[in-house]
file run03.txt (compact mmCIF, C-alpha atoms)
# COMPACT_ATOMS: atom_id res chain seq x y z
CA MET E 22 79.63 -22.51 79.22
CA PHE E 23 82.89 -23.28 77.44
CA GLU E 24 83.12 -26.84 78.74
CA ASN E 25 82.08 -28.42 75.42
CA LEU E 26 84.63 -26.33 73.59
CA ALA E 27 87.35 -27.29 76.08
CA ARG E 28 86.54 -30.98 75.65
CA THR E 29 86.49 -30.63 71.86
CA ALA E 30 89.87 -28.90 71.93
CA ALA E 31 91.29 -31.53 74.31
CA ARG E 32 90.12 -34.36 72.06
CA ALA E 33 91.54 -32.59 69.01
CA GLN E 34 94.91 -32.30 70.75
CA GLY E 35 94.90 -36.00 71.62
CA TYR E 36 93.89 -35.72 75.28
CA PRO E 37 90.30 -37.00 75.40
CA ASP E 38 90.52 -37.72 79.14
CA LEU E 39 92.11 -34.43 80.12
CA ARG E 40 91.06 -33.56 83.64
CA MET E 41 89.22 -30.27 83.85
CA LEU E 42 88.05 -27.86 86.46
CA VAL E 43 85.07 -25.86 85.22
CA LEU E 44 84.75 -22.27 86.39
CA PRO E 45 81.84 -19.88 85.89
CA HIS E 46 81.75 -17.54 82.91
CA PRO E 47 82.18 -14.66 82.42
CA MET E 48 84.94 -13.85 84.86
CA GLU E 49 85.99 -10.41 83.57
CA ALA E 50 83.01 -8.50 84.87
CA ARG E 51 83.14 -9.86 88.41
CA PRO E 52 84.76 -7.90 91.22
CA GLU E 53 88.19 -9.08 92.28
CA SER E 54 86.87 -10.23 95.67
CA GLN E 55 84.50 -12.64 93.95
CA VAL E 56 87.23 -13.97 91.68
CA ARG E 57 89.42 -14.54 94.72
CA ALA E 58 86.55 -16.33 96.45
CA PHE E 59 86.18 -18.63 93.44
CA ALA E 60 89.89 -19.41 93.61
CA HIS E 61 89.68 -20.27 97.31
CA GLU E 62 86.59 -22.42 96.82
CA ARG E 63 88.00 -24.35 93.90
CA PHE E 64 91.55 -24.76 95.15
CA ALA E 65 90.95 -28.11 96.81
CA ALA E 66 89.25 -29.49 93.71
CA LEU E 67 92.09 -28.24 91.51
CA PHE E 68 94.68 -29.80 93.81
CA ALA E 69 92.78 -33.10 93.78
CA LEU E 70 92.70 -33.07 89.97
CA LEU E 71 96.41 -32.46 89.74
CA ALA E 72 97.17 -35.14 92.29
CA GLU E 73 94.90 -37.72 90.66
CA GLU E 74 96.60 -40.93 89.52
CA GLU E 75 96.73 -41.48 85.75
CA MET Y 1 88.62 -36.51 34.53
CA ALA Y 2 88.94 -38.24 37.88
CA ARG Y 3 91.69 -36.64 39.96
CA GLY Y 4 92.06 -39.53 42.36
CA THR Y 5 90.21 -41.87 44.64
CA LEU Y 6 87.80 -40.16 46.98
CA LEU Y 7 87.96 -41.38 50.56
CA SER Y 8 84.82 -39.83 52.03
CA GLU Y 9 82.20 -42.16 53.40
CA ARG Y 10 79.37 -42.72 50.91
CA GLY Y 11 75.79 -42.13 51.87
CA SER Y 12 72.60 -42.73 49.97
CA VAL Y 13 69.52 -40.58 49.93
CA SER Y 14 66.55 -40.08 47.63
CA ASP Y 15 66.97 -37.82 44.59
CA ASP Y 16 64.26 -35.57 45.95
CA PRO Y 17 65.93 -32.19 46.70
CA LEU Y 18 63.88 -31.85 49.86
CA ALA Y 19 65.02 -35.26 51.10
CA VAL Y 20 68.65 -34.29 50.52
CA PHE Y 21 68.13 -30.98 52.32
CA GLU Y 22 66.48 -32.65 55.30
CA HIS Y 23 69.16 -35.33 55.48
CA VAL Y 24 71.95 -32.74 55.52
CA GLU Y 25 70.23 -30.77 58.26
CA GLN Y 26 69.62 -33.90 60.33
CA GLN Y 27 73.29 -34.77 60.08
CA GLY Y 28 74.24 -31.27 61.19
CA TRP Y 29 76.23 -30.56 58.01
CA GLY Y 30 74.28 -27.56 56.82
CA ASP Y 31 73.63 -23.91 57.56
CA GLY Y 32 69.87 -24.01 57.32
CA LEU Y 33 69.76 -23.45 53.56
CA PRO Y 34 69.38 -26.04 50.79
CA VAL Y 35 72.56 -27.65 49.52
CA ILE Y 36 73.68 -29.31 46.31
CA PRO Y 37 74.27 -33.06 46.90
CA PRO Y 38 78.03 -33.72 46.80
CA THR Y 39 77.98 -36.65 44.42
CA GLU Y 40 81.27 -38.20 43.36
CA GLU Y 41 80.90 -36.77 39.87
CA ARG Y 42 80.40 -33.22 41.17
CA VAL Y 43 83.28 -33.50 43.64
CA GLN Y 44 85.59 -34.82 40.92
CA ALA Y 45 84.59 -31.89 38.70
CA MET Y 46 85.60 -29.53 41.47
CA LEU Y 47 88.97 -31.26 41.76
CA ASP Y 48 89.74 -30.39 38.14
CA GLY Y 49 90.71 -26.95 39.44
CA THR Y 50 93.84 -28.24 41.14
CA PRO Y 51 96.67 -30.67 40.47
CA LEU Y 52 96.69 -31.58 44.16
CA PRO Y 53 95.47 -35.07 45.04
CA PRO Y 54 92.20 -35.37 46.98
CA SER Y 55 94.03 -36.53 50.09
CA HIS Y 56 96.36 -33.51 50.19
CA VAL Y 57 95.91 -31.61 53.45
CA VAL Y 58 95.61 -27.91 52.67
CA ALA Y 59 95.26 -26.86 56.29
CA VAL Y 60 94.21 -27.89 59.77
CA VAL Y 61 91.04 -26.11 60.82
CA GLU Y 62 90.56 -25.03 64.41
CA PRO Y 63 89.20 -25.71 66.93
CA ARG Y 64 88.48 -29.35 66.10
CA ARG Y 65 91.79 -29.47 64.25
CA GLY Y 66 90.08 -31.19 61.36
CA GLU Y 67 92.18 -31.82 58.28
CA ALA Y 68 90.93 -29.76 55.35
CA THR Y 69 91.91 -32.10 52.57
CA VAL Y 70 91.37 -31.07 48.98
CA GLU Y 71 88.54 -33.61 48.90
CA LYS Y 72 86.76 -32.24 51.98
CA ILE Y 73 87.09 -28.70 50.67
CA ALA Y 74 85.59 -29.85 47.36
CA VAL Y 75 82.70 -31.62 49.11
CA ASN Y 76 81.80 -28.44 50.97
CA ALA Y 77 82.23 -26.39 47.78
CA VAL Y 78 79.72 -28.59 45.97
CA MET Y 79 77.28 -28.38 48.88
CA ALA Y 80 77.57 -24.58 48.87
CA GLY Y 81 76.77 -24.42 45.17
CA CYS Y 82 80.18 -23.34 43.90
CA ALA Y 83 80.99 -23.59 40.23
CA PRO Y 84 84.17 -25.65 39.78
CA ALA Y 85 85.98 -22.60 38.41
CA VAL Y 86 86.05 -20.92 41.84
CA PHE Y 87 87.77 -23.86 43.53
CA PRO Y 88 91.31 -22.35 43.40
CA ALA Y 89 89.98 -19.20 45.07
CA LEU Y 90 88.41 -21.33 47.78
CA LEU Y 91 91.67 -23.20 48.37
CA ALA Y 92 93.42 -19.85 48.76
CA ALA Y 93 90.71 -18.66 51.15
CA VAL Y 94 91.18 -21.78 53.29
CA GLU Y 95 94.90 -21.15 53.36
CA ALA Y 96 94.30 -17.53 54.35
CA VAL Y 97 91.97 -18.15 57.27
CA THR Y 98 94.15 -20.92 58.68
CA GLU Y 99 97.26 -18.76 58.90
CA PRO Y 100 98.07 -18.34 62.61
CA GLN Y 101 97.80 -14.56 62.32
CA PHE Y 102 94.17 -14.86 61.33
CA ASN Y 103 93.49 -16.71 64.59
CA LEU Y 104 90.63 -18.87 63.36
CA TYR Y 105 90.49 -20.67 66.70
CA ALA Y 106 89.27 -17.49 68.31
CA LEU Y 107 86.85 -16.64 65.50
CA ASN Y 108 85.32 -20.08 65.67
CA THR Y 109 84.82 -20.08 69.42
CA THR Y 110 84.28 -16.49 70.56
CA THR Y 111 81.11 -15.05 72.03
CA CYS Y 112 81.44 -12.33 69.37
CA CYS Y 113 79.77 -12.65 65.96
CA ALA Y 114 83.06 -12.35 64.06
CA THR Y 115 83.42 -14.12 60.74
CA PRO Y 116 85.89 -14.05 57.85
CA ALA Y 117 84.99 -11.64 55.08
CA LEU Y 118 86.60 -12.54 51.77
CA MET Y 119 87.69 -9.81 49.35
CA LEU Y 120 88.94 -10.75 45.90
CA ASN Y 121 91.30 -8.70 43.79
CA GLY Y 122 92.83 -9.06 40.36
CA PRO Y 123 91.70 -10.55 37.07
CA ALA Y 124 90.04 -13.59 38.62
CA ARG Y 125 87.17 -11.32 39.65
CA GLN Y 126 86.03 -10.98 36.06
CA THR Y 127 86.69 -14.60 35.15
CA LEU Y 128 84.73 -15.91 38.10
CA GLY Y 129 81.97 -13.32 37.93
CA ILE Y 130 82.72 -11.90 41.36
CA GLU Y 131 80.46 -8.91 41.96
CA CYS Y 132 82.23 -5.72 42.99
CA GLY Y 133 79.50 -3.15 42.49
CA TYR Y 134 75.82 -2.89 43.40
CA SER Y 135 74.85 -5.13 46.34
CA CYS Y 136 78.12 -7.02 46.07
CA LEU Y 137 77.89 -8.05 49.71
CA GLY Y 138 74.54 -9.72 49.41
CA HIS Y 139 71.91 -11.04 47.06
CA ASN Y 140 73.93 -10.40 43.94
CA GLY Y 141 75.87 -13.14 42.26
CA ARG Y 142 76.42 -16.85 42.61
CA ALA Y 143 80.20 -16.61 42.86
CA ASN Y 144 80.13 -14.24 45.85
CA ALA Y 145 77.43 -16.15 47.70
CA THR Y 146 78.76 -19.64 47.15
CA LEU Y 147 82.45 -18.92 47.71
CA GLY Y 148 81.76 -17.35 51.09
CA ARG Y 149 79.30 -20.08 51.96
CA ALA Y 150 81.72 -22.89 51.08
CA LEU Y 151 84.27 -21.48 53.49
CA ARG Y 152 81.68 -21.24 56.26
CA LEU Y 153 80.50 -24.82 55.65
CA LEU Y 154 84.09 -26.00 55.82
CA MET Y 155 84.59 -24.13 59.09
CA ARG Y 156 81.58 -25.95 60.44
CA ASN Y 157 82.11 -29.45 59.06
CA VAL Y 158 85.89 -29.67 59.32
CA GLY Y 159 86.64 -27.03 61.94
CA GLY Y 160 83.78 -28.00 64.21
CA SER Y 161 82.20 -24.55 64.41
CA ILE Y 162 78.93 -25.85 65.81
CA PRO Y 163 76.69 -23.13 67.29
CA GLY Y 164 76.21 -23.44 71.02
CA ALA Y 165 78.41 -26.49 71.45
CA VAL Y 166 81.70 -25.08 70.22
CA THR Y 167 81.15 -21.62 68.80
CA LYS Y 168 79.78 -19.44 71.56
CA SER Y 169 78.75 -16.57 69.32
CA VAL Y 170 75.84 -14.98 71.12
CA PHE Y 171 74.02 -13.87 67.99
CA GLY Y 172 75.92 -15.16 64.99
CA GLN Y 173 75.23 -12.94 61.97
CA PRO Y 174 74.13 -13.20 58.34
CA GLY Y 175 77.80 -13.07 57.33
CA ARG Y 176 78.21 -16.43 59.01
CA VAL Y 177 76.36 -17.88 56.05
CA SER Y 178 78.45 -16.07 53.45
CA LEU Y 179 80.45 -12.86 53.18
CA CYS Y 180 82.44 -12.41 50.00
CA PHE Y 181 82.90 -9.64 47.44
CA GLY Y 182 85.43 -8.16 45.06
CA GLU Y 183 87.16 -4.80 45.18
CA TRP Y 184 85.99 -2.61 42.32
CA GLU Y 185 89.52 -1.73 41.31
CA GLU Y 186 88.41 -0.13 38.05
CA ARG Y 187 86.36 2.48 39.93
CA SER Y 188 88.94 3.16 42.62
CA PRO Y 189 91.06 6.32 42.44
CA TRP Y 190 93.86 4.50 44.22
CA GLN Y 191 95.97 1.43 43.59
CA PRO Y 192 94.07 -1.78 44.17
CA PHE Y 193 94.21 -3.17 47.67
CA HIS Y 194 96.37 -6.16 46.72
CA VAL Y 195 98.90 -3.96 44.91
CA ARG Y 196 99.26 -1.83 48.03
CA ARG Y 197 100.03 -5.11 49.81
CA GLY Y 198 102.86 -5.88 47.43
CA PHE Y 199 101.21 -8.09 44.82
CA LYS Y 200 101.26 -7.35 41.10
CA ALA Y 201 98.22 -5.78 39.47
CA ASP Y 202 97.66 -8.88 37.36
CA ASP Y 203 97.86 -11.21 40.36
CA SER Y 204 94.61 -12.55 41.68
CA THR Y 205 94.31 -12.60 45.44
CA VAL Y 206 91.86 -13.37 48.15
CA THR Y 207 92.06 -11.44 51.39
CA ALA Y 208 90.44 -12.70 54.56
CA VAL Y 209 89.57 -9.99 57.02
CA CYS Y 210 87.64 -10.32 60.25
CA ALA Y 211 84.16 -8.81 60.32
CA THR Y 212 81.82 -8.61 63.26
CA GLY Y 213 79.36 -7.29 60.71
CA THR Y 214 78.97 -4.63 58.10
CA GLN Y 215 78.09 -1.29 59.60
CA ASP Y 216 76.64 1.18 57.14
CA ILE Y 217 77.97 4.73 57.22
CA ALA Y 218 75.84 7.22 55.32
CA ASP Y 219 76.60 10.81 54.42
CA ILE Y 220 75.09 13.26 51.98
CA TRP Y 221 76.44 16.53 53.35
CA ALA Y 222 80.23 16.33 53.23
CA GLU Y 223 81.55 18.65 50.54
CA THR Y 224 85.25 17.93 51.01
CA GLY Y 225 87.30 14.82 51.42
CA GLU Y 226 88.38 15.94 54.86
CA GLU Y 227 84.78 16.36 55.99
CA LEU Y 228 83.97 12.92 54.71
CA VAL Y 229 86.88 11.23 56.47
CA TRP Y 230 85.76 12.97 59.64
CA VAL Y 231 82.33 11.40 59.25
CA LEU Y 232 83.89 8.00 58.63
CA ALA Y 233 86.20 8.25 61.63
CA HIS Y 234 83.44 9.28 64.00
CA SER Y 235 81.21 6.51 62.74
CA ILE Y 236 83.64 3.80 63.77
CA ASP Y 237 84.81 5.06 67.15
CA TRP Y 238 81.84 3.94 69.20
CA ILE Y 239 82.61 2.71 72.70
CA GLY Y 240 80.97 -0.69 72.34
CA ASN Y 241 83.22 -1.51 69.40
CA ASN Y 242 84.69 -4.99 69.98
CA LYS Y 243 88.07 -3.59 68.92
CA VAL Y 244 88.11 -1.46 72.08
CA LEU Y 245 88.26 -4.64 74.19
CA VAL Y 246 91.77 -5.47 72.99
CA ARG Y 247 95.02 -3.57 72.96
CA GLN Y 248 95.21 -0.78 70.42
CA GLU Y 249 98.11 -2.36 68.54
CA GLN Y 250 96.15 -5.54 67.85
CA GLY Y 251 94.12 -6.28 64.77
CA ASP Y 252 93.19 -4.49 61.57
CA MET Y 253 89.79 -3.39 60.28
CA LEU Y 254 88.40 -2.77 56.83
CA LEU Y 255 86.67 0.36 55.68
CA LEU Y 256 84.94 -0.23 52.36
CA LEU Y 257 84.16 2.94 50.41
CA CYS Y 258 81.71 3.30 47.58
CA PRO Y 259 83.37 4.73 44.43
CA ASP Y 260 81.72 8.11 44.97
CA PHE Y 261 83.17 8.47 48.47
CA ALA Y 262 86.60 7.30 47.35
CA HIS Y 263 86.69 9.82 44.49
CA LYS Y 264 85.50 12.65 46.73
CA ILE Y 265 88.34 11.92 49.15
CA ALA Y 266 90.96 11.45 46.43
CA ARG Y 267 89.82 14.58 44.57
CA ASP Y 268 90.99 16.64 47.52
CA GLY Y 269 94.45 15.13 47.39
CA ILE Y 270 94.00 12.64 50.18
CA ASP Y 271 95.73 9.38 49.39
CA VAL Y 272 95.33 6.11 51.29
CA PRO Y 273 98.24 6.61 53.74
CA GLN Y 274 97.00 10.10 54.58
CA MET Y 275 93.46 8.86 55.08
CA GLN Y 276 94.77 6.13 57.37
CA ARG Y 277 96.63 8.73 59.43
CA MET Y 278 93.48 10.85 59.67
CA LEU Y 279 91.46 7.85 60.81
CA LEU Y 280 94.08 6.99 63.40
CA GLU Y 281 94.03 10.51 64.79
CA TRP Y 282 90.27 11.03 64.71
CA THR Y 283 89.38 7.71 66.33
CA ARG Y 284 91.20 8.68 69.52
CA THR Y 285 88.11 8.84 71.67
CA PRO Y 286 87.81 11.10 74.74
CA ILE Y 287 87.49 8.97 77.84
CA GLU Y 288 84.49 11.09 78.88
CA ARG Y 289 82.41 9.09 76.42
CA TRP Y 290 82.69 6.10 78.74
CA HIS Y 291 80.88 5.92 82.04
CA ARG Y 292 83.11 7.10 84.84
CA ALA Y 293 83.09 3.58 86.34
CA HIS Y 294 84.83 2.30 83.20
CA TRP Y 295 87.74 4.71 83.44
CA PRO Y 296 89.88 2.75 85.94
CA LYS Y 297 89.24 -0.46 84.01
CA LEU Y 298 90.48 1.13 80.79
CA GLU Y 299 93.44 2.61 82.63
CA GLN Y 300 94.37 -0.68 84.31
CA ARG Y 301 94.65 -2.26 80.88
CA GLY Y 302 96.83 0.54 79.59
CA TYR Y 303 94.25 1.67 77.04
CA VAL Y 304 94.28 5.35 78.00
CA GLU Y 305 96.70 7.95 76.63
CA GLY Y 306 96.24 11.22 78.46
CA ASN Y 307 92.49 11.53 78.36
CA VAL Y 308 91.82 9.59 75.16
CA VAL Y 309 91.36 5.93 74.24
CA PRO Y 310 92.92 5.27 70.80
CA LEU Y 311 91.14 2.74 68.61
CA ALA Y 312 94.39 1.70 66.95
CA ALA Y 313 98.12 2.23 67.31
CA ARG Y 314 99.22 2.47 63.68
CA PRO Y 315 97.64 3.91 60.51
CA GLU Y 316 98.07 0.60 58.69
CA GLN Y 317 95.49 -1.01 60.97
CA PHE Y 318 92.84 0.79 58.93
CA LEU Y 319 92.43 -1.14 55.69
CA ILE Y 320 90.86 0.81 52.82
CA ALA Y 321 89.19 -0.66 49.75
CA VAL Y 322 86.58 0.39 47.19
CA ALA Y 323 83.42 -1.48 46.18
CA GLY Y 324 79.68 -1.04 45.93
CA GLY Y 325 77.29 0.69 43.60
CA GLU Y 326 77.74 4.05 41.97
CA SER Y 327 74.67 5.61 43.56
CA GLY Y 328 76.96 6.86 46.31
CA HIS Y 329 76.39 8.09 49.87
CA HIS Y 330 77.57 4.95 51.72
CA ALA Y 331 80.58 3.24 53.21
CA LEU Y 332 80.78 0.04 55.21
CA TYR Y 333 82.86 -0.57 58.28
CA PHE Y 334 83.92 -4.13 59.01
CA CYS Y 335 84.52 -3.90 62.72
CA THR Y 336 87.12 -6.38 63.86
CA PHE Y 337 86.89 -8.76 66.76
CA GLY Y 338 90.41 -7.50 67.50
CA LEU Y 339 92.58 -10.55 68.01
CA THR Y 340 93.11 -11.20 64.34
CA TRP Y 341 95.04 -9.88 61.36
CA SER Y 342 93.93 -9.96 57.76
CA VAL Y 343 95.75 -12.32 55.41
CA SER Y 344 96.03 -12.14 51.61
CA LYS Y 345 96.84 -15.08 49.34
CA ARG Y 346 97.67 -15.12 45.67
CA PHE Y 347 96.08 -17.75 43.45
CA THR Y 348 95.73 -18.58 39.79
CA LEU Y 349 92.80 -20.15 38.02
CA ASP Y 350 94.84 -22.61 36.00
CA ALA Y 351 94.93 -26.15 37.26
CA THR Y 352 98.63 -26.01 38.10
CA TRP Y 353 98.36 -23.79 41.13
CA THR Y 354 99.25 -25.48 44.38
CA GLY Y 355 99.29 -22.75 46.95
CA GLY Y 356 99.60 -19.02 47.45
CA GLU Y 357 102.16 -16.73 48.95
CA SER Y 358 101.04 -14.93 52.04
CA CYS Y 359 101.06 -11.26 52.51
CA LEU Y 360 100.72 -10.52 56.17
CA VAL Y 361 100.58 -7.15 57.79
CA PRO Y 362 104.05 -6.04 58.77
CA ASP Y 363 105.11 -6.94 62.27
CA PRO Y 364 101.76 -8.07 63.63
CA SER Y 365 101.47 -8.16 67.38
CA PRO Y 366 101.47 -11.61 68.92
CA VAL Y 367 97.94 -12.93 68.80
CA SER Y 368 96.59 -14.24 72.04
CA ARG Y 369 93.62 -16.50 72.32
CA ARG Y 370 90.57 -15.90 74.35
CA PRO Y 371 87.04 -17.30 74.32
call {"tool": "encode", "arguments": {"input": "run03.txt", "output": "structure tokens"}}
result
Amino acid sequence: MFENLARTAARAQGYPDLRMLVLPHPMEARPESQVRAFAHERFAALFALLAEEE
Amino acid sequence: MARGTLLSERGSVSDDPLAVFEHVEQQGWGDGLPVIPPTEERVQAMLDGTPLPPSHVVAVVEPRRGEATVEKIAVNAVMAGCAPAVFPALLAAVEAVTEPQFNLYALNTTTCCATPALMLNGPARQTLGIECGYSCLGHNGRANATLGRALRLLMRNVGGSIPGAVTKSVFGQPGRVSLCFGEWEERSPWQPFHVRRGFKADDSTVTAVCATGTQDIADIWAETGEELVWVLAHSIDWIGNNKVLVRQEQGDMLLLLCPDFAHKIARDGIDVPQMQRMLLEWTRTPIERWHRAHWPKLEQRGYVEGNVVPLAARPEQFLIAVAGGESGHHALYFCTFGLTWSVSKRFTLDATWTGGESCLVPDPSPVSRRP
């Protein structure tokens, strides 16, 4: 839901191609087990983003 | 007199007011209401209110980090319908909302309906025709309506506050079109708000304070000041208050009293600091008012003291001012979104003024950002 905002902010800060991992919103109301499951599921994608060549 | 070369891109549209209105809406520059076409002549007239050149950057407006140049502020002021005389007040308002403590990034992006409310103090109120009395918060007076609207248009067109795309406000609110008024200092039993903040009585100031809306508080039964403050306190301590979602020590909130209420409270010897202490004490809400399932969540965040959840940590977080009609019976609570502090700026209406001094709340907590 906040992806557009994140991209707007990245462009404004001079990083139009900033790599992003998009997570579901809202997070606060979810039980901790579900948040942990999200983290496990997305870890590989996050690692791939960080390891990506410029 | 031309104040300098304008750099904005020129566009051409028919003189028909409807054609202008439709063009502005198609471009996404408007708020759904008709605008005044920002012709070069009108923008130059606005610039007569400042010695600053059109290209001068007054502030950077979040979240797009757009540069609010004097020219861009003037363009939005013309569109909003401002008279040129109010331009210095608008410049001060832009300075106020872009202070880091105000946290405009959060206001422009949150799911909450928060918006800046502008309160004017000092002699500029009379000069500009700022309404302080009956219906001062809506449908009374060009200066109030257009000054607040110009700021909102600037937040949209320079700051990028585009509904849905960037601002995630679930509902928005009427105050996101315009929310501006003056304190009715002459009908207040206390020192004017800006004097209590350290300005001189003959200074003119604009104060930006966060408002998730204007909640009416009505009472016709209180016979004493203490009774009335009790009513006020227990009208602002509801559990769905956005302020409850942040730490108690964060943010300030405005309570606007009609003259009748203010005099009833003052008559019984209650001054502003005492009223603030009473509000602090009486907005400590018993945890039993929340569903039992919420208790551990409040406790985990450190929001619980004993068996109560305080709304604030210090008396000064309750801002008190006086405005509204003399028919009495009402106060307004400007609930805060929480992660923001009010900011006051001094301005003058002569064309030599180039910027205002800030008055920030003492020792504000660090402001964190959240969507």
call {"tool": "atom_distance", "arguments": {"input": "run03.txt", "atom1": "atom CA of Leu256 of chain Y", "atom2": "atom CA of Leu118 of chain Y"}}
result
12.4 Å
call {"tool": "closest_atom_pairs", "arguments": {"input": "run03.txt", "of": "chain Y", "to": "chain E", "cutoff": "9 Å", "atoms": "all atoms listed in the file", "output": "JSON lines"}}
result
{"residue": "Y:Glu62", "atom": "CA", "partner": "E:Ala30", "partner_atom": "CA", "distance": 8.5}
{"residue": "Y:Pro63", "atom": "CA", "partner": "E:Ala30", "partner_atom": "CA", "distance": 6.0}
{"residue": "Y:Arg64", "atom": "CA", "partner": "E:Ala33", "partner_atom": "CA", "distance": 5.3}
{"residue": "Y:Arg65", "atom": "CA", "partner": "E:Ala33", "partner_atom": "CA", "distance": 5.7}
{"residue": "Y:Gly66", "atom": "CA", "partner": "E:Ala33", "partner_atom": "CA", "distance": 7.9}
{"residue": "Y:Thr109", "atom": "CA", "partner": "E:Leu26", "partner_atom": "CA", "distance": 7.5}
{"residue": "Y:Gly160", "atom": "CA", "partner": "E:Thr29", "partner_atom": "CA", "distance": 8.5}
{"residue": "Y:Gly164", "atom": "CA", "partner": "E:Asn25", "partner_atom": "CA", "distance": 8.9}
{"residue": "Y:Ala165", "atom": "CA", "partner": "E:Asn25", "partner_atom": "CA", "distance": 5.7}
{"residue": "Y:Val166", "atom": "CA", "partner": "E:Leu26", "partner_atom": "CA", "distance": 4.6}
{"residue": "Y:Thr167", "atom": "CA", "partner": "E:Leu26", "partner_atom": "CA", "distance": 7.6}
{"residue": "Y:Lys168", "atom": "CA", "partner": "E:Phe23", "partner_atom": "CA", "distance": 7.7}
{"residue": "Y:Pro371", "atom": "CA", "partner": "E:Phe23", "partner_atom": "CA", "distance": 7.9}
call {"tool": "atom_distance", "arguments": {"input": "run03.txt", "atom1": "atom CA of Ser12 of chain Y", "atom2": "atom CA of Gln26 of chain Y"}}
result
13.9 Å
call {"tool": "atom_distance", "arguments": {"input": "run03.txt", "atom1": "atom CA of Ala19 of chain Y", "atom2": "atom CA of Arg156 of chain Y"}}
result
21.2 Å
call {"tool": "residues_around", "arguments": {"input": "run03.txt", "residues": "Tyr333 of chain Y", "least_positions_apart": "6", "cutoff": "7 Å", "atoms": "all atoms listed in the file", "output": "PDB file with C-alpha atoms, in the coordinates of the input"}}
result
ATOM      1  CA  THR Y 214      78.970  -4.630  58.100  1.00  0.00           C
ATOM      2  CA  GLN Y 215      78.090  -1.290  59.600  1.00  0.00           C
ATOM      3  CA  ASP Y 216      76.640   1.180  57.140  1.00  0.00           C
ATOM      4  CA  LEU Y 254      88.400  -2.770  56.830  1.00  0.00           C
ATOM      5  CA  LEU Y 255      86.670   0.360  55.680  1.00  0.00           C
ATOM      6  CA  LEU Y 256      84.940  -0.230  52.360  1.00  0.00           C
TER       7      LEU Y 256
END
call {"tool": "residues_around", "arguments": {"input": "run03.txt", "residues": "Ile236 of chain Y", "least_positions_apart": "4", "cutoff": "8 Å", "atoms": "all atoms listed in the file", "output": "ChimeraX atom specification"}}
result
/Y:232,241,283,333,335
call {"tool": "residues_around", "arguments": {"input": "run03.txt", "residues": "Ile287 of chain Y", "least_positions_apart": "3", "cutoff": "12 Å", "atoms": "all atoms listed in the file", "output": "list of chain:residue names"}}
result
Y:Asp237, Y:Trp238, Y:Ile239, Y:Val244, Y:Thr283, Y:Arg284, Y:Trp290, Y:His291, Y:Arg292, Y:Ala293, Y:His294, Y:Trp295, Y:Pro296, Y:Lys297, Y:Leu298, Y:Glu299, Y:Tyr303, Y:Val304, Y:Glu305, Y:Gly306, Y:Asn307, Y:Val308, Y:Val309, Y:Pro310, Y:Leu311
call {"tool": "residues_around", "arguments": {"input": "run03.txt", "residues": "Ala93 of chain Y", "least_positions_apart": "4", "cutoff": "8 Å", "atoms": "only C-alpha atoms", "output": "PDB file with C-alpha atoms, keeping the file's coordinate frame"}}
result
ATOM      1  CA  ALA Y  89      89.980 -19.200  45.070  1.00  0.00           C
ATOM      2  CA  VAL Y  97      91.970 -18.150  57.270  1.00  0.00           C
ATOM      3  CA  LEU Y 118      86.600 -12.540  51.770  1.00  0.00           C
ATOM      4  CA  LEU Y 151      84.270 -21.480  53.490  1.00  0.00           C
ATOM      5  CA  VAL Y 206      91.860 -13.370  48.150  1.00  0.00           C
ATOM      6  CA  THR Y 207      92.060 -11.440  51.390  1.00  0.00           C
ATOM      7  CA  ALA Y 208      90.440 -12.700  54.560  1.00  0.00           C
ATOM      8  CA  LYS Y 345      96.840 -15.080  49.340  1.00  0.00           C
TER       9      LYS Y 345
END
call {"tool": "residues_around", "arguments": {"input": "run03.txt", "residues": "Asp48 of chain Y", "least_positions_apart": "3", "cutoff": "10 Å", "atoms": "only C-alpha atoms", "output": "list in words"}}
result
Met1, Ala2, Arg3, Val43, Gln44, Ala45, Pro51, Leu52, Pro84, Ala85, Phe87, Pro88, Asp350, Ala351 and Thr352 of chain Y
call {"tool": "closest_residue", "arguments": {"input": "run03.txt", "among": "Y:Ser178, Y:Gln126, Y:Thr224, Y:Thr115", "to": "Ala145 of chain Y", "atoms": "only C-alpha atoms"}}
result
Y:Ser178
call {"tool": "closest_residue", "arguments": {"input": "run03.txt", "among": "Y:His329, Y:Lys200, Y:His56, Y:Arg187", "to": "Gly133 of chain Y", "atoms": "only C-alpha atoms"}}
result
Y:Arg187
call {"tool": "decode", "arguments": {"input": "run03.txt", "residues": "segment 33-38 of chain E", "atoms": "N, CA and C atoms", "output": "short mmCIF file (atom, residue, chain, number, x, y, z; two decimals), in the first residue's frame"}}
result
data_model
loop_
_atom_site.label_atom_id
_atom_site.label_comp_id
_atom_site.auth_asym_id
_atom_site.auth_seq_id
_atom_site.Cartn_x
_atom_site.Cartn_y
_atom_site.Cartn_z
N ALA E 33 12.74 11.43 -4.55
CA ALA E 33 13.01 12.76 -3.96
C ALA E 33 14.39 12.81 -3.32
N GLN E 34 14.86 11.65 -2.83
CA GLN E 34 16.17 11.61 -2.17
C GLN E 34 17.28 11.33 -3.17
N GLY E 35 16.92 11.21 -4.46
CA GLY E 35 17.95 10.99 -5.48
C GLY E 35 18.27 9.54 -5.75
N TYR E 36 17.39 8.63 -5.35
CA TYR E 36 17.61 7.20 -5.60
C TYR E 36 16.42 6.60 -6.35
N PRO E 37 16.23 7.01 -7.61
CA PRO E 37 15.03 6.54 -8.34
C PRO E 37 15.01 5.03 -8.56
N ASP E 38 16.18 4.40 -8.55
CA ASP E 38 16.24 2.96 -8.81
C ASP E 38 16.46 2.16 -7.53
#
